[in-house]
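Take a look at the structure below.
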Amino acid sequence: MNVILNTGRTVWQGQAIESGKDLKMYVDAAAICHMNREMMDAMGLKEGDNIQVVSNFGDVVVKVVNTKETLPEGMIFIPMGPWANRVIDPDTDSTATPRFKNIPVEIDSTDEEVLDMPTLLKVYRKYS
Amino acid sequence: MELVKNVVCPFCGTLCDDIICKVENDEIVGTINACRIGHSKFVHAEGAMRWKKPQIRDENGELVETTYDDAIEKAAQVLAASKRPLMYGWSCTECEAQAVGVDLAEQTKAIVDNTASVCHGPSVLALQDVGYPICTFGEVKNRADVVVYWGCNPMHAHPRHLSRHVFARGFFRERGRSDRTLIVVDPRESDSSKLADIHLQVGYNQDYELLDAMRAAMMGHEILYDEVAGIPREEIMEAVEALKNAQFGILFFGMGITHSRGKHRNIDTAIMMVQDLNNFAKFTLIPMRGHYNVTGFNQVATWESGYPYCIDFATGIPRYNPGETGANDVLQNKETDAMMVIASDPGAHFPQKSLRRMAEIPVIAIEPHRTPTTELADIILPPAIVGMETDGTAYRMEGVPIRMRKVVDSDLLSDREILQRLLKRVMEIKTASK
C-alpha cells in the first residue's frame, strides 16, 4: 500500500532515549509504526505484526501498533529514531535540514524481524 | 535519603526549574515534579550501558577500555590530521563547554554545527529573514489569553509545557486554562489537539497555504475557496477572529512546519503572520526548541563567530552557508573526513545517507551512554552529565539563561575539561608540525 510517512517525538520514545538506547524499551518505542484501525483492517494486519516500509531512500522493518492519535487517511507515523531515518528523505533542499516528514513510502506485511539498535547500526558496515 | 530542591531538568528546552531529586549514596534514585522523560534522564535505568571509562576500537572493531590521556591523544591526532573536520552536536552541554568547542573548531579549521540543523534550523533562517518577535515564558503564563501550538505536540515532546504555561494560573489569567483559548494546528488528532478549543487539522505539507489564507483574511481579504489546506473557510475565519481578538497571543511552533515542505519559508510566513497580528493584538512567538541547551549553542556561536550554526572555519574566518556547511550537507557530499560528535546523537537522528559517510570516516564521540552514535564511533570519551554531575549555563527555548545545578559527584571529566585538554593537545601537535 502506498502511504505517507510522518515522523516525530512520542513521550514513549523520549522516555526510551533517556533510559537507554540499548534497551528493548527503545525498540518497543521507536521501531514501531502507528496506524489507524481502518488501514490495519484494509491490510489484514493486527497489532504486533511486522511490516516493511520502503521509500526511494531505504527500507526498514517495524512493528504495527494501533494509534491512539488518529492519523489522516493514508498516513502512517513512525517515532523519530534510527528506524524511521532509514527511509526519510536525506535531501536538505539547501537548508541544511533533511526532510523528516511526509515521505511517500510503500508498506507491506513481512515475516522479517525488527532489528534492535546495535544490529540495525551494523547495516552501515563500519566494522565488517 | 536527601532531597535536592530547585534542580533544573536537562532534557528539553522548557528547562523546568522546580525538580526535586531524591539522592541516596551520591546517586539520584528518584525525582519529584519531573515529567516521564526528565525522570528517565535523572534516574539510571536498569540494564542501560553508561561508559565509565574512555574507549578506543582495536583493529577488529572491538571497543577497548583506555585512559583519558590515551583517548584524548588519539582524538587530537585524528582532528589535527583531518583536512575538513566536522564538529557536531553541542545541544546537551553547557555554554562554557560550547565556547571551548567553537575555539577548537576555529583552531582546527573545522565545520561546527549543532542539532538545530535537524530541528529548528529553518526557524533560524527565517528569523534572519524576517525578524523574531519573541517574549519570555513568564509573559506567556501571566498574560497570554490566546495560545497557538502549530506543528508541535507538547504533550509528548515537552510534557510539562502546557501545565506550566497554559493550565497554570497567571497574574492576569487568574483562572488558568479557562482564561485562555488554545488553538492547535496539526494534521493528526494528537494528544495536544485533543485539549484544544480549536483544532485546525491542516493537510500535510500545506501549512504555507493555510498561513497565507489566514494572513489574507486578517488583512480583510475574502477567502475565495470553500476550504484551504483541507480546512473549511468558516473554521479558518473562526481561528482568525480568535487570533485578532487576543489581548496577548503567543505562537509556539515545532517540527510540523520546519520539517515539512517549504521548511524556512513556512516559518517566514508564520513570523509575518505574527507581525500582521500586531496590527490588532499584542502577539509574540517562541519556537519549541528540543534539546535543553540547543538555544545556548546558537547564542554562544553567534557571540564567537557571528553565526548561529553551520559555521565553516576552513579559510580561517567564519563562513556561513546552511545547505553547504551543514552537518548533513558535508556528510552526504562526502566532504568531511573526520567527525567529532558531542552532546547529541546523530547516529539516531541523521538520515541513512549521512550515516553511510559516518561509517567511512573516523568518528570521535564525547557521549555518556551507549547510543547509535557510539556504535559508529572509533573513540569514545565519556563526560560527566551537565545538570546532574556538573554545573553550567543553559538557555531556555526563548533565550533566558539558567544555571544548571550539580546534584551528585562524578569521577568523569566534564565536557568542558575534555574539550580544553583536546584543544591544548591539538595546538601542540599543530605547532610541532609547522
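Convention: chains lettered A, B, ... in C-alpha cells order; per-chain residue numbering from 1; ligands numbered from 1 as shown.
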
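Using only C-alpha atoms, the part of chain B that sits within 6 Å of chain A is made up of Ile37, Ser40, Lys41, Ala45, Ala48, Gly61, Ser117, Val118, His156, Ala157, Arg188, Glu189, Ser190, His259, Ser260, Pro322, Gly323, Gly326, Ala348, His349, Pro351, Gln352, Arg356, Ala359 and Thr371 of chain B.
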
message: Which residues are near Ala394 of chain B? Cut-off 10 Å, only C-alpha atoms, ignore same chain within fewer than 3 positions. Put them as number ranges by chain.
response: B: 8, 10, 13, 15, 91-96, 292-297, 386-387, 391, 397, 399-404

- prompt: Interatomic distance between atom CA of Arg233 of chain B and atom CA of Asp276 of chain B?
  reply: 19.6 Å

- request: Extract, using only C-alpha atoms, all DNA, RNA and protein residues at most 7 Å from segment 49-53 of chain A, discarding same-chain residues fewer than 3 positions from it, and format them as JSON, numbers by chain.
  value: {"A": [45, 46, 59, 60, 61, 62, 63, 64, 105, 106, 107, 108, 109, 110, 111]}

Let me see the file: selected residues, N, CA and C atoms, as a PDB file, in the first residue's frame.
```
ATOM      1  N   LEU A  45      -3.827  -6.536   8.902  1.00  0.00           N
ATOM      2  CA  LEU A  45      -2.781  -6.544   9.921  1.00  0.00           C
ATOM      3  C   LEU A  45      -3.401  -6.475  11.306  1.00  0.00           C
ATOM      4  N   LYS A  46      -2.740  -7.084  12.264  1.00  0.00           N
ATOM      5  CA  LYS A  46      -3.142  -6.890  13.656  1.00  0.00           C
ATOM      6  C   LYS A  46      -1.954  -6.333  14.435  1.00  0.00           C
ATOM      7  N   ASP A  59      14.970   1.139   3.370  1.00  0.00           N
ATOM      8  CA  ASP A  59      13.871   0.302   3.839  1.00  0.00           C
ATOM      9  C   ASP A  59      14.109  -0.083   5.278  1.00  0.00           C
ATOM     10  N   VAL A  60      13.037  -0.443   5.971  1.00  0.00           N
ATOM     11  CA  VAL A  60      13.150  -0.820   7.371  1.00  0.00           C
ATOM     12  C   VAL A  60      11.950  -1.695   7.741  1.00  0.00           C
ATOM     13  N   VAL A  61      12.159  -2.574   8.729  1.00  0.00           N
ATOM     14  CA  VAL A  61      11.056  -3.399   9.232  1.00  0.00           C
ATOM     15  C   VAL A  61      10.657  -2.877  10.611  1.00  0.00           C
ATOM     16  N   VAL A  62       9.382  -2.624  10.791  1.00  0.00           N
ATOM     17  CA  VAL A  62       8.875  -2.123  12.078  1.00  0.00           C
ATOM     18  C   VAL A  62       7.591  -2.866  12.450  1.00  0.00           C
ATOM     19  N   LYS A  63       7.205  -2.707  13.695  1.00  0.00           N
ATOM     20  CA  LYS A  63       6.039  -3.403  14.224  1.00  0.00           C
ATOM     21  C   LYS A  63       4.816  -2.490  14.182  1.00  0.00           C
ATOM     22  N   VAL A  64       3.684  -3.035  13.856  1.00  0.00           N
ATOM     23  CA  VAL A  64       2.454  -2.236  13.747  1.00  0.00           C
ATOM     24  C   VAL A  64       1.810  -2.049  15.121  1.00  0.00           C
ATOM     25  N   VAL A 105       5.923   6.422   0.970  1.00  0.00           N
ATOM     26  CA  VAL A 105       6.522   5.096   1.187  1.00  0.00           C
ATOM     27  C   VAL A 105       5.532   4.023   0.771  1.00  0.00           C
ATOM     28  N   GLU A 106       6.081   2.815   0.567  1.00  0.00           N
ATOM     29  CA  GLU A 106       5.221   1.669   0.288  1.00  0.00           C
ATOM     30  C   GLU A 106       5.342   0.714   1.467  1.00  0.00           C
ATOM     31  N   ILE A 107       4.212   0.209   1.953  1.00  0.00           N
ATOM     32  CA  ILE A 107       4.266  -0.711   3.099  1.00  0.00           C
ATOM     33  C   ILE A 107       3.642  -2.055   2.721  1.00  0.00           C
ATOM     34  N   ASP A 108       4.224  -3.102   3.274  1.00  0.00           N
ATOM     35  CA  ASP A 108       3.742  -4.461   3.043  1.00  0.00           C
ATOM     36  C   ASP A 108       3.977  -5.293   4.297  1.00  0.00           C
ATOM     37  N   SER A 109       3.120  -6.272   4.539  1.00  0.00           N
ATOM     38  CA  SER A 109       3.387  -7.129   5.691  1.00  0.00           C
ATOM     39  C   SER A 109       4.604  -8.006   5.365  1.00  0.00           C
ATOM     40  N   THR A 110       5.337  -8.405   6.404  1.00  0.00           N
ATOM     41  CA  THR A 110       6.553  -9.183   6.190  1.00  0.00           C
ATOM     42  C   THR A 110       6.770 -10.141   7.355  1.00  0.00           C
ATOM     43  N   ASP A 111       7.544 -11.211   7.099  1.00  0.00           N
ATOM     44  CA  ASP A 111       7.925 -12.136   8.174  1.00  0.00           C
ATOM     45  C   ASP A 111       9.283 -11.762   8.754  1.00  0.00           C
TER      46      ASP A 111
END
```

task: Show which residues sit within 9 Å of Thr67 of chain A, as a VMD selection string. Count only C-alpha atoms, and ignore same-chain residues fewer than 6 positions away.
output: chain A and resid 33 to 37 77

Proximity to Asp116 of chain A - best of A:Ala30, A:Leu5, A:Val65, A:Val54, only C-alpha atoms: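 Between A:Ala30, A:Leu5, A:Val65, A:Val54, the residue approaching Asp116 of chain A most closely is A:Ala30.
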
field: Close residues, Pro85 of chain B itself excluded, 8 Å, only C-alpha atoms, min 2 positions apart in chain, as number ranges by chain
entry: B: 79, 82-83, 87, 108-111, 336-340

- request: Assign secondary structure with DSSP using the backbone only, and return the residues of segment 297-421 of chain B in strand (DSSP E or B) as an NGL selection string.
  value: :B and (311-312 or 319-320 or 338-342 or 363-366 or 369 or 379-381 or 386 or 390 or 392-395 or 401-404)

- request: Calculate how many Å separate atom CA of Lys194 of chain B from atom CA of Lys244 of chain B, rounding to one decimal.
  value: 23.0 Å

query: Taking into account only C-alpha atoms, which residue in the set B:Glu24, B:Glu46, B:Val29, B:Ser344 is nearest to Met25 of chain A?
result: B:Glu46

message: Neighbouring residues of Lys406 of chain B were defined as those with any atom within 12 Å, considering only C-alpha atoms; residues of the same chain fewer than 3 positions away were excluded. Please report them as an NGL selection string.
response: :B and (4-10 or 21 or 23 or 26-28 or 42 or 384-393 or 403 or 409-410 or 414)

message: Just list as a PyMOL selection string whatever in chain A DSSP marks as helix (DSSP H, G or I).
response: chain A and resi 11-19+24-30+37-43+84-86+117-122

- prompt: Pick the closest to Ala31 of chain A from A:Pro104, A:Val3, A:Ile78, A:Glu113: which is it, counting only C-alpha atoms?
  reply: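 The closest residue to Ala31 of chain A is A:Ile78.
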
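The two atoms in question, atom CA of Asp28 of chain A and atom CA of Asn205 of chain B, are spaced 28.3 Å apart.
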